[in-house]
Structures are given as structure tokens and as C-alpha cells.
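Chemist: Input file: protein37.cif. Contents: mmCIF, C-alpha atoms and all ligand atoms.
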```cif
data_work
#
loop_
_atom_site.label_atom_id
_atom_site.label_comp_id
_atom_site.auth_asym_id
_atom_site.auth_seq_id
_atom_site.Cartn_x
_atom_site.Cartn_y
_atom_site.Cartn_z
CA MET M 392 170.72 39.90 178.47
CA LYS M 393 167.66 41.40 180.10
CA LEU M 394 165.58 43.17 177.47
CA VAL M 395 163.97 46.36 178.72
CA PHE M 396 161.00 48.30 177.38
CA PRO M 397 161.15 51.76 178.96
CA ALA M 398 157.91 53.64 179.60
CA THR M 399 157.54 56.93 177.72
CA PRO M 400 157.57 59.99 180.00
CA VAL M 401 154.25 61.83 180.11
CA PRO M 402 154.76 65.46 178.97
CA HIS M 403 154.25 68.34 181.40
CA GLY M 404 150.72 69.63 181.54
CA VAL M 405 149.13 66.33 180.48
CA THR M 406 147.61 63.94 182.99
CA GLN M 407 148.65 60.30 182.90
CA ALA M 408 144.99 59.31 182.45
CA ASP M 409 144.67 61.49 179.32
CA TRP M 410 148.00 60.37 177.89
CA LEU M 411 147.04 56.71 178.22
CA ASN M 412 143.62 57.26 176.66
CA TRP M 413 143.61 56.49 172.94
CA THR M 414 140.77 58.82 172.05
CA TRP M 415 142.65 61.64 173.79
CA GLN M 416 145.69 60.78 171.64
CA LEU M 417 143.63 60.89 168.42
CA ARG M 418 141.81 64.08 169.42
CA HIS M 419 145.15 65.76 170.10
CA SER M 420 146.79 64.65 166.84
CA LEU M 421 149.53 66.91 165.53
CA ARG M 422 148.74 68.04 161.99
CA THR M 423 150.14 71.47 161.25
CA ARG M 424 153.61 72.95 161.21
CA GLU M 425 152.66 74.87 164.37
CA ASP M 426 151.55 71.70 166.19
CA PHE M 427 154.87 70.02 165.46
CA ALA M 428 156.93 73.14 166.21
CA LYS M 429 155.63 72.98 169.79
CA VAL M 430 157.28 69.61 170.41
CA LEU M 431 160.25 69.52 167.98
CA ASP M 432 162.77 72.09 166.72
CA LEU M 433 161.94 71.92 163.03
CA THR M 434 164.82 71.67 160.57
CA ALA M 435 164.88 73.75 157.38
CA ASP M 436 164.19 70.57 155.41
CA GLU M 437 161.11 69.79 157.51
CA GLU M 438 159.85 73.39 157.27
CA GLU M 439 159.95 73.05 153.51
CA GLY M 440 158.39 69.63 153.74
CA PHE M 441 155.37 71.14 155.50
CA HIS M 442 154.78 73.30 152.43
CA GLY M 443 155.06 70.67 149.70
CA GLY M 444 154.97 67.25 151.34
CA GLY M 445 151.63 67.87 152.99
CA GLU M 446 149.95 68.40 149.65
CA LEU M 447 151.24 65.12 148.28
CA PHE M 448 150.33 63.20 151.44
CA GLN M 449 148.73 64.23 154.74
CA ILE M 450 150.86 64.88 157.79
CA ARG M 451 149.71 63.58 161.14
CA SER M 452 151.03 62.08 164.36
CA THR M 453 149.76 61.12 167.76
CA PRO M 454 151.43 63.12 170.56
CA TYR M 455 152.73 59.78 171.89
CA TYR M 456 154.56 58.84 168.67
CA ALA M 457 155.95 62.36 168.14
CA ALA M 458 157.36 62.12 171.69
CA LEU M 459 159.54 59.20 170.53
CA ALA M 460 161.25 61.34 167.89
CA GLY M 461 164.71 62.65 168.77
CA GLY M 462 167.08 65.10 167.02
CA PRO M 463 167.21 65.96 163.30
CA HIS M 464 168.58 62.63 162.00
CA ASP M 465 166.61 60.45 164.35
CA PRO M 466 165.18 57.28 162.75
CA ILE M 467 161.66 57.70 164.15
CA ARG M 468 161.66 61.33 163.06
CA LYS M 469 162.33 60.24 159.46
CA ILE M 470 159.25 58.05 159.52
CA LEU M 471 156.83 60.75 160.62
CA MET M 472 158.21 64.16 159.57
CA PRO M 473 157.77 65.51 156.04
CA SER M 474 160.88 66.38 154.07
CA ALA M 475 161.57 68.72 151.16
CA ARG M 476 162.93 65.64 149.41
CA GLU M 477 159.42 64.26 149.05
CA LEU M 478 159.11 66.70 146.16
CA PHE M 479 162.23 65.54 144.30
CA THR M 480 161.75 63.40 141.25
CA GLY M 481 163.00 59.97 142.19
CA ALA M 482 164.41 57.02 140.29
CA GLN M 483 160.91 55.59 140.12
CA GLN M 484 157.75 57.13 141.50
CA MET M 485 154.36 55.61 141.29
CA LEU M 486 151.18 56.78 142.93
CA ASP M 487 149.96 53.19 143.06
CA PRO M 488 153.17 51.13 143.09
CA LEU M 489 151.37 47.86 143.80
CA GLY M 490 148.96 48.27 140.92
CA GLU M 491 146.12 47.88 143.40
CA LYS M 492 143.64 49.56 141.09
CA LYS M 493 144.04 46.61 138.72
CA ASN M 494 143.04 44.13 141.41
CA ASN M 495 140.03 46.02 142.70
CA PRO M 496 136.95 43.93 141.78
CA ALA M 497 134.67 45.63 144.34
CA PRO M 498 134.88 48.88 146.33
CA ARG M 499 137.56 48.67 149.05
CA ILE M 500 138.63 45.18 147.98
CA ILE M 501 142.10 44.29 146.70
CA HIS M 502 142.12 40.71 145.52
CA ARG M 503 145.47 39.56 144.23
CA TYR M 504 145.92 36.03 145.60
CA PRO M 505 143.30 33.30 145.24
CA ASP M 506 142.66 32.48 148.89
CA ARG M 507 143.02 35.89 150.58
CA LEU M 508 142.16 39.50 149.97
CA LEU M 509 142.46 42.93 151.53
CA PHE M 510 139.40 44.81 152.76
CA LEU M 511 140.24 48.51 153.20
CA VAL M 512 137.76 49.35 155.95
CA THR M 513 139.03 52.90 156.53
CA ASP M 514 141.37 55.33 154.79
CA THR M 515 142.46 57.01 158.04
CA CYS M 516 145.64 56.44 160.05
CA SER M 517 146.72 58.07 163.30
CA VAL M 518 150.24 58.62 161.93
CA TYR M 519 150.96 59.07 158.24
CA CYS M 520 154.22 57.26 157.52
CA ARG M 521 156.13 59.24 154.90
CA TYR M 522 156.96 56.07 152.93
CA CYS M 523 153.36 54.80 152.76
CA THR M 524 152.75 52.61 149.73
CA ARG M 525 149.05 53.39 149.56
CA LYS M 526 149.23 57.19 149.15
CA HIS M 527 146.62 56.95 146.39
CA PHE M 528 144.07 55.94 149.02
CA THR M 529 145.27 56.63 152.55
CA GLY M 530 144.64 60.00 154.18
CA GLY M 531 141.41 60.89 152.35
CA ASP M 532 139.74 61.21 155.76
CA GLN M 533 136.67 59.20 154.90
CA ALA M 534 137.01 57.20 158.13
CA PHE M 535 134.72 54.16 157.92
CA VAL M 536 133.73 52.92 154.50
CA ARG M 537 130.38 54.28 153.19
CA SER M 538 127.56 51.85 153.82
CA SER M 539 126.74 51.15 150.14
CA GLU M 540 130.40 50.34 149.52
CA TYR M 541 130.55 48.22 152.65
CA ASP M 542 127.61 46.14 151.43
CA GLN M 543 129.16 45.66 147.99
CA ALA M 544 132.50 44.63 149.50
CA LEU M 545 130.79 42.17 151.81
CA SER M 546 128.75 40.61 148.99
CA TYR M 547 131.94 40.16 146.99
CA ILE M 548 133.53 38.30 149.91
CA LYS M 549 130.40 36.16 150.26
CA SER M 550 130.35 35.33 146.56
CA ARG M 551 133.94 34.07 146.45
CA GLN M 552 133.69 30.51 147.75
CA GLY M 553 137.42 29.81 147.43
CA LEU M 554 138.34 32.66 149.73
CA ARG M 555 139.79 31.57 153.08
CA GLU M 556 141.17 34.73 154.60
CA VAL M 557 140.20 38.39 154.90
CA ILE M 558 142.83 40.95 155.79
CA LEU M 559 141.40 44.14 157.27
CA SER M 560 143.57 47.01 156.21
CA GLY M 561 143.34 50.65 155.19
CA GLY M 562 144.28 53.10 156.52
CA ASP M 563 144.36 51.63 159.98
CA PRO M 564 141.38 49.50 161.09
CA LEU M 565 142.12 50.15 164.77
CA THR M 566 141.36 53.86 164.32
CA LEU M 567 137.73 52.67 164.18
CA SER M 568 135.68 52.33 167.35
CA ASP M 569 135.23 48.95 169.04
CA SER M 570 131.59 48.82 167.99
CA ILE M 571 132.25 49.45 164.27
CA LEU M 572 135.11 46.97 164.32
CA GLU M 573 132.92 44.41 166.02
CA ARG M 574 130.29 44.80 163.33
CA VAL M 575 132.91 44.08 160.64
CA LEU M 576 134.28 41.05 162.51
CA SER M 577 130.85 39.60 163.14
CA ASP M 578 129.75 40.14 159.51
CA LEU M 579 132.87 38.31 158.34
CA ARG M 580 132.39 35.50 160.86
CA SER M 581 128.90 34.92 159.51
CA ILE M 582 130.45 33.89 156.17
CA ASP M 583 131.20 30.15 156.21
CA HIS M 584 134.21 30.11 153.93
CA VAL M 585 136.11 32.86 155.79
CA GLU M 586 138.45 30.83 158.01
CA ILE M 587 141.01 33.42 159.06
CA ILE M 588 140.68 37.12 159.80
CA ARG M 589 143.76 39.31 159.93
CA ILE M 590 143.88 42.87 161.21
CA GLY M 591 146.70 44.96 159.74
CA THR M 592 147.41 47.85 162.08
CA ARG M 593 150.14 50.21 163.16
CA MET M 594 148.27 51.28 166.32
CA PRO M 595 150.38 49.11 168.69
CA VAL M 596 153.35 51.18 167.44
CA VAL M 597 151.94 54.69 167.14
CA CYS M 598 149.12 54.58 169.71
CA PRO M 599 149.57 51.47 171.88
CA MET M 600 146.95 52.72 174.34
CA ARG M 601 144.40 51.70 171.67
CA VAL M 602 144.91 48.08 172.71
CA THR M 603 142.59 48.09 175.69
CA ASP M 604 141.27 45.08 177.62
CA GLN M 605 137.88 45.80 176.15
CA LEU M 606 139.26 45.63 172.60
CA VAL M 607 141.09 42.32 173.01
CA GLN M 608 138.12 40.75 174.79
CA MET M 609 135.90 41.75 171.88
CA ILE M 610 138.36 40.48 169.23
CA ARG M 611 138.81 37.09 170.89
CA ARG M 612 135.11 36.34 170.37
CA TYR M 613 135.79 36.16 166.62
CA HIS M 614 138.81 33.85 166.65
CA PRO M 615 140.89 32.86 164.75
CA VAL M 616 142.00 36.49 164.41
CA TYR M 617 145.64 37.36 163.71
CA LEU M 618 147.11 40.80 164.20
CA MET M 619 149.74 42.10 161.81
CA THR M 620 151.64 45.08 163.10
CA HIS M 621 154.42 47.26 161.83
CA PHE M 622 157.37 48.06 164.12
CA ASN M 623 160.37 49.37 162.18
CA HIS M 624 162.78 50.27 164.94
CA PRO M 625 163.66 48.86 168.39
CA ARG M 626 162.97 52.24 170.06
CA GLU M 627 159.35 51.94 169.02
CA LEU M 628 159.13 49.07 171.50
CA THR M 629 158.37 51.19 174.54
CA GLY M 630 156.80 49.98 177.77
CA GLU M 631 153.39 50.98 176.39
CA ALA M 632 153.96 49.10 173.12
CA ALA M 633 155.23 46.04 175.01
CA ASP M 634 152.07 46.09 177.13
CA ALA M 635 149.92 46.27 173.99
CA VAL M 636 151.65 43.29 172.36
CA THR M 637 151.47 41.30 175.61
CA ARG M 638 147.75 42.00 176.01
CA LEU M 639 147.08 40.79 172.47
CA VAL M 640 148.97 37.52 172.75
CA ASP M 641 147.64 36.88 176.25
CA HIS M 642 144.18 36.87 174.66
CA GLY M 643 145.22 34.35 172.07
CA ILE M 644 145.67 36.86 169.26
CA PRO M 645 148.93 35.94 167.52
CA VAL M 646 150.98 39.01 166.62
CA PHE M 647 153.12 39.16 163.48
CA ASN M 648 155.39 42.04 162.52
CA GLN M 649 156.01 43.45 159.06
CA LEU M 650 158.85 45.96 158.83
CA VAL M 651 159.96 48.10 155.93
CA LEU M 652 163.68 48.64 155.34
CA LEU M 653 164.23 52.40 155.39
CA ASN M 654 167.25 54.53 154.64
CA GLY M 655 168.88 55.83 157.82
CA VAL M 656 166.18 54.22 159.94
CA ASN M 657 166.81 50.50 160.18
CA ASN M 658 169.06 49.51 157.24
CA HIS M 659 171.67 47.82 159.42
CA PRO M 660 171.75 44.19 160.63
CA ALA M 661 172.38 45.28 164.24
CA VAL M 662 169.14 47.29 164.24
CA ILE M 663 167.10 44.50 162.67
CA GLN M 664 168.41 41.90 165.11
CA ALA M 665 167.65 44.19 168.08
CA LEU M 666 164.10 44.76 166.84
CA SER M 667 163.52 41.10 166.00
CA ARG M 668 164.83 39.74 169.29
CA ARG M 669 162.70 42.15 171.31
CA LEU M 670 159.63 41.26 169.28
CA LEU M 671 160.25 37.56 169.74
CA TYR M 672 160.71 38.06 173.48
CA LEU M 673 157.26 39.67 173.53
CA ARG M 674 155.91 36.64 171.56
CA ALA M 675 155.43 38.64 168.35
CA LYS M 676 156.75 36.81 165.29
CA PRO M 677 158.94 38.83 162.89
CA TYR M 678 157.19 37.98 159.63
CA TYR M 679 158.14 40.20 156.69
CA MET M 680 161.02 42.58 156.05
CA PHE M 681 159.87 44.55 153.02
CA GLN M 682 161.83 46.42 150.47
CA CYS M 683 160.35 49.95 150.44
CA ASP M 684 157.92 50.41 147.55
CA PRO M 685 158.66 53.15 144.99
CA SER M 686 155.69 55.21 146.11
CA GLU M 687 155.77 58.92 145.19
CA GLY M 688 158.13 61.03 147.28
CA THR M 689 159.93 58.12 148.95
CA ASP M 690 163.26 57.90 147.12
CA HIS M 691 165.15 59.41 150.07
CA LEU M 692 163.75 56.64 152.30
CA ARG M 693 164.44 53.72 149.97
CA THR M 694 167.50 51.45 150.09
CA SER M 695 168.96 49.09 147.47
CA ILE M 696 167.94 45.46 147.09
CA ASP M 697 171.64 44.47 147.25
CA ASP M 698 171.87 46.07 150.71
CA SER M 699 168.72 44.30 151.85
CA ILE M 700 170.03 40.89 150.79
CA GLU M 701 173.32 41.68 152.54
CA ILE M 702 171.43 42.44 155.77
CA GLN M 703 169.54 39.16 155.42
CA ARG M 704 172.83 37.29 154.85
CA GLU M 705 174.44 38.83 157.94
CA LEU M 706 171.47 37.79 160.08
CA TRP M 707 171.27 34.27 158.66
CA GLY M 708 172.51 31.71 161.17
CA ARG M 709 173.28 34.36 163.80
CA LEU M 710 169.68 35.10 164.64
CA SER M 711 167.16 32.50 165.82
CA GLY M 712 165.02 31.25 162.97
CA LEU M 713 162.01 32.27 165.05
CA ALA M 714 163.20 35.88 165.01
CA MET M 715 164.04 35.93 161.31
CA PRO M 716 161.76 38.00 159.05
CA ASN M 717 161.32 37.00 155.41
CA LEU M 718 162.83 39.54 153.04
CA SER M 719 160.40 40.37 150.28
CA VAL M 720 159.89 42.91 147.52
CA ASP M 721 156.50 43.76 146.09
CA ILE M 722 156.80 43.53 142.33
CA PRO M 723 155.50 46.87 141.02
CA ASP M 724 152.32 47.00 139.02
CA GLY M 725 150.53 44.28 140.96
CA GLY M 726 153.08 41.51 140.42
CA GLY M 727 152.66 40.29 144.00
CA LYS M 728 155.38 39.57 146.51
CA ALA M 729 158.73 38.07 145.57
CA GLY M 730 160.82 36.47 148.32
CA LEU M 731 164.51 37.35 148.34
CA VAL M 732 166.96 34.98 150.01
CA PRO M 733 170.75 34.97 150.12
CA ASP M 734 172.11 32.51 147.59
CA PHE M 735 173.94 29.62 149.25
CA LEU M 736 174.28 27.55 146.07
CA VAL M 737 177.82 27.32 144.71
CA SER M 738 177.26 24.94 141.79
CA HIS M 739 174.57 22.68 140.38
CA GLU M 740 174.90 19.78 138.01
CA GLY M 741 172.10 17.27 137.51
CA ARG M 742 171.22 15.75 140.89
CA ARG M 743 174.27 17.27 142.61
CA ARG M 744 174.36 20.65 144.28
CA VAL M 745 177.21 22.23 146.20
CA PHE M 746 176.30 24.70 148.93
CA GLU M 747 178.28 27.03 151.12
CA GLY M 748 176.52 27.64 154.46
CA TRP M 749 176.26 30.85 156.47
CA ASP M 750 179.67 30.43 158.16
CA GLY M 751 181.56 29.00 155.20
CA VAL M 752 181.03 25.23 155.40
CA ARG M 753 180.95 23.79 151.90
CA ALA M 754 179.21 20.52 151.12
CA GLU M 755 177.28 18.62 148.50
CA TYR M 756 173.62 17.54 148.50
CA ILE M 757 172.65 14.79 146.07
CA ASP M 758 169.00 14.15 145.13
CA PRO M 759 167.74 10.55 145.29
CA ALA M 760 167.23 8.75 141.98
CA PRO M 761 164.07 10.22 140.37
CA GLU M 762 162.47 6.78 139.82
CA THR M 763 162.24 6.26 143.61
CA ILE M 764 159.99 9.29 144.13
CA VAL M 765 156.26 8.61 144.63
CA LYS M 766 153.25 10.80 145.51
CA PRO M 767 151.59 10.31 148.91
CA ILE M 768 148.72 7.85 148.31
CA ASP M 769 146.22 9.98 150.20
CA ALA M 770 146.96 13.29 148.40
CA GLU M 771 143.65 12.78 146.57
CA LEU M 772 141.79 13.39 149.82
CA TYR M 773 142.91 17.00 149.82
CA LEU M 774 142.53 17.69 146.12
CA ALA M 775 139.04 19.19 146.33
CA GLU M 776 140.23 21.72 148.92
CA TRP M 777 143.23 22.51 146.79
CA ASP M 778 141.21 22.99 143.62
CA ALA M 779 138.80 25.30 145.43
CA LEU M 780 141.66 27.71 146.08
CA LYS M 781 142.36 28.04 142.41
CA GLY M 782 139.86 30.05 140.45
CA ALA M 783 138.80 31.88 143.60
CA ARG M 784 140.04 35.17 142.29
CA SER M 785 138.27 37.20 139.67
CA ARG M 786 140.05 39.56 137.31
C1 LIG M 801 150.71 41.02 150.96
C2 LIG M 801 149.39 40.80 150.46
C3 LIG M 801 148.60 39.77 150.97
C4 LIG M 801 149.04 38.83 152.09
O1 LIG M 801 150.16 38.10 151.72
P1 LIG M 801 150.81 37.06 152.74
O2 LIG M 801 152.06 36.63 152.06
O3 LIG M 801 149.82 35.96 152.92
O4 LIG M 801 151.05 37.78 154.02
C5 LIG M 801 147.36 39.60 150.42
N1 LIG M 801 146.88 40.39 149.43
C6 LIG M 801 147.62 41.41 148.93
C7 LIG M 801 147.06 42.24 147.84
C8 LIG M 801 148.90 41.65 149.43
O5 LIG M 801 149.63 42.66 148.94
S1 LIG M 802 150.08 52.99 158.92
FE1 LIG M 802 150.26 51.92 156.93
S2 LIG M 802 148.58 52.77 155.65
FE2 LIG M 802 148.91 54.18 157.39
S3 LIG M 802 150.35 55.72 156.61
FE3 LIG M 802 151.56 54.14 157.66
S4 LIG M 802 152.17 52.74 156.01
FE4 LIG M 802 150.43 53.99 155.20
#
```
Could I get this file's structure written as C-alpha cells?
Ligand SMILES: *Cc1c(COP(=O)(O)O)cnc(C)c1O
Ligand code: SF4

Modeler:
Amino acid sequence: MKLVFPATPVPHGVTQADWLNWTWQLRHSLRTREDFAKVLDLTADEEEGFHGGGELFQIRSTPYYAALAGGPHDPIRKILMPSARELFTGAQQMLDPLGEKKNNPAPRIIHRYPDRLLFLVTDTCSVYCRYCTRKHFTGGDQAFVRSSEYDQALSYIKSRQGLREVILSGGDPLTLSDSILERVLSDLRSIDHVEIIRIGTRMPVVCPMRVTDQLVQMIRRYHPVYLMTHFNHPRELTGEAADAVTRLVDHGIPVFNQLVLLNGVNNHPAVIQALSRRLLYLRAKPYYMFQCDPSEGTDHLRTSIDDSIEIQRELWGRLSGLAMPNLSVDIPDGGGKAGLVPDFLVSHEGRRRVFEGWDGVRAEYIDPAPETIVKPIDAELYLAEWDALKGARSR
């Protein structure tokens, strides 16, 4: 089947050149009830959401992303429009569900795993997703990190010899200008032990015009750089978004996608397969499928873990392994990620295990005798590298 990525119509009264200019999109952000009422017929629930939801968490969208929203129950609309239900007390609501404040050894640094950390270079996004897990930080409108904090964060990264990877996050790092971003990338590249740089950004989804030729040509000078993006729904893959992803991978920047399972948005295997296949076709690897975090005001957007595992089970075997995202839940309170996989094990006794595969084939796997198992003789060669990863994280 031919996969199509339809271009988004340019609204009346806007020139094509403006519409495709990312700074125009940011300058014309929709923020108030009145801004949104010009492009969408607000529901009573949204009207109420503008009163309460906005206080809990900023409201903002690019004109481009708001143009993707359809009628009242539209999936994309649920991601960007506030709801009165944000004010309901949920089953679990945490301002900092990931316990990030516990793993915050320097300003703007979240260091949870030994070899990699997050560097929150800005607190600003061009669209505030209503389910955001980092509401305690995002939307403060501080834009780029203050210079004293930047220096402290950078010295922390320099001082941690076991660190291998820095993940630029926020907020959305691609809301920064090319020149600020280049300064960050070049500062990180000057640190010997930083092997991999990741940029976590939702701009290819909410403002794909940000991904200019100039940007990708700048980024490629600091390779290896990976880009982690965040498409949740196949309709977000417009012609503009497809162009952005293509431009990135054409410049050797691998693109990975992290989606969040959301109630009434994408909690159906047909939707996930459609999104994943389109991403794969564009050479973007579906990477994570996250359980929604119990961030404040998100209960109406969360789904159950049982449903998530069921979606994963339905996709298993039917969808190319390349297109398969890993289902994962972030353990609240800074517990880190926990992978969730459908259970194919039927019984287990000593060295014998019986499995039932995705389409019902049952068979046994028997381990070899334990006394035949040896370590590779050259494992020692890699032990120093391995040990360096441990102890890289400070508490
Ligand atoms: C998710 C996460 C990472 C990256 O994890 P990967 O599994 O390598 O993608 C790193 N640090 C923190 C704090 C995270 O939450
Ligand atoms: S792009 Fe990420 S950080 Fe920004 S509002 Fe959405 S989920 Fe939160």
C-alpha cells in the first residue's frame, strides 16, 4: 500500500512563505482562549479548561499544530486543548512523577542512569502537551538556561568521566536558535568522554518547518547526534512532518520516536501500527511506547497498563520488528524505566520452559547443561570500559 503524507492547507490570509517559516509559527503562537476560539469552536469543557487548566500548566500551540485538530473528540485536539478534567483529583497525581528532583545533582541536570543524563537546556515548548510529565519545570518561560547554571551543568558533565551520552531535553531544545544550539553542541563535543549526543524534541511534530537545511547541516558537524522525536498519532505525519524527518535522516541524523499511550488518542493497536509503519517508511525507528505518567491533571488522558500490554500483544508478530516500539512504564518517584512485554511463558521447570508464541504455537525450550557454559576468553579486554560505567552517577 502506498503511504501518503498529505500537505497541510495554508489558512486564508497567511502566505505560504510565512506559514513555512518556523519563527513566524512561534511568533504567532496561540495562547489565550480568544486565540484558539478563532480557529476552533470551543467546547464547554475546553472553555472551562482555559480557566483552570491554564493555571496548572501553560497553554500554547503553533498555528500549524492547531490546524491539525479536528472536531470535539479529535485525538490531536485532546493533546493540545485544556480540559476541565485537568482540575479533577485523579487516582494518582504527582507534580514530579519521575522524582526528577531527587536525581538533580547540578542545575538542569537529571542523572538517573550511570552512562547517560538529561540536560534541560530550555523550559520552553512551542506546544504544551496536556499530559506533560515535566509540568514542575516546563512552561516557566525562561527560554535558554541562565549562563551561571549553564556553566555549572557543563562542569558537572565534564567531571563525570563515566558518562557516555548527553540527552538535550527541556522543554524543547529546538525552540532555541541555531546559534545557541550550536554553542551547546560544540561545548559538549569538546568533552572527550561524551560519545553520543541526543536531542529530544517535539518540533518535527508540532513545528516541522523548524527542521531547515541550515539546522541539519549545523547538527551534522557534531556527529554522532541522534534525534528523539514524539509522534503520537498517524495524522501528525503530514507532508511537512515527513519532509522534516527525511531531511534529518538524509543528513545522517538517525530519528527515533517515543510515543505516549493516551486515552482516546492512540490506545488501539490499529492506530499504533499505522503510526509505526509510516514512521518506519520514513526511516524513523519506533523506539518507546510509554505508559502515560501520573502527572497532575492527566487522569483523563491515562490508560491502564493491562490495555497497554494487550496492544503490545496484538502487534507482536503482526508488525515488523523494525516498526515495533518497546512498551515501558516509568516507575514513579525516580525508579527508572521498566520494560513491559507480553508473557509468552506457559510453564517453567528447571532447564525446561514451555512457550506459546504470538499465533498459538506451543513448544519447549531446554537450556544446555550448566557445566558446558563458559565465559568468552576475551571478556577481560572490555572490563575496564564496563567498570567505568558503574560509579559514574552521583547521588
Ligand atoms: C529515559 C531516560 C533516559 C534515557 O533512557 P534510554 O532507555 O537510554 O532511552 C535517561 N535519563 C533519564 C532520567 C530518563 O528518564
Ligand atoms: S513537548 Fe515534551 S516537554 Fe514539551 S509539553 Fe510536550 S511532553 Fe512536555

Chemist: Hey, what's within 12 Å of region 700-709 of chain M if we count only C-alpha atoms and toss same-chain stuff fewer than 5 positions away? As an MDAnalysis selection string, please?

Modeler: chainID M and resid 652 657:665 667:668 679:682 694:695 714:720 730:735 748:751

Chemist: With only C-alpha atoms as the counted atoms, please give the residues lying no more than 9 Å from Met472 (chain M), apart from itself and same-chain residues fewer than 2 positions off, as a VMD selection string.

Modeler: chain M and resid 427 437 440 to 441 450 to 452 467 to 470 474 519 to 521

Chemist: Let me see if you get this right: every residue at most 6 Å from ligand LIG 802 (chain M), counting only C-alpha atoms and all ligand atoms, written as an MDAnalysis selection string.

Modeler: chainID M and resid 516 519:520 523 525 529 561:563 593

Chemist: Please dump the current selection as a PDB file, in the frame of the given file; keep C-alpha atoms.

Modeler:
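Output below, filename selection-v8.pdb:
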```pdb
ATOM      1  CA  CYS M 516     145.640  56.440 160.050  1.00  0.00           C
ATOM      2  CA  TYR M 519     150.960  59.070 158.240  1.00  0.00           C
ATOM      3  CA  CYS M 520     154.220  57.260 157.520  1.00  0.00           C
ATOM      4  CA  CYS M 523     153.360  54.800 152.760  1.00  0.00           C
ATOM      5  CA  ARG M 525     149.050  53.390 149.560  1.00  0.00           C
ATOM      6  CA  THR M 529     145.270  56.630 152.550  1.00  0.00           C
ATOM      7  CA  GLY M 561     143.340  50.650 155.190  1.00  0.00           C
ATOM      8  CA  GLY M 562     144.280  53.100 156.520  1.00  0.00           C
ATOM      9  CA  ASP M 563     144.360  51.630 159.980  1.00  0.00           C
ATOM     10  CA  ARG M 593     150.140  50.210 163.160  1.00  0.00           C
TER      11      ARG M 593
END
```

Chemist: M:Pro767, M:Pro599, M:Gly725, M:Pro397: which is nearest ligand LIG 801 (chain M), counting all atoms listed in the file?

Modeler: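 Of all the options, M:Gly725 lies closest to ligand LIG 801 (chain M).
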
Chemist: Counting only C-alpha atoms and all ligand atoms, which residue out of M:Ser581, M:Asn623, M:Thr689, M:Asn494 sits closest to ligand LIG 801 (chain M)?

Modeler: M:Asn494

Chemist: For ligand LIG 801 (chain M), which residue among M:Ile696, M:Val737, M:Ile590, M:Ala775 is the nearest when counting only C-alpha atoms and all ligand atoms?

Modeler: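 Using only C-alpha atoms and all ligand atoms, ligand LIG 801 (chain M) sits closest to M:Ile590.
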
Chemist: Could you check the closest approach to Ala544 (chain M) for each of M:Glu627, M:Asp569, M:Asp697, M:Asp578 and tell me which residue wins, using all atoms listed in the file?

Modeler: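 Answer, going by the shortest atom-to-atom distance: M:Asp578.
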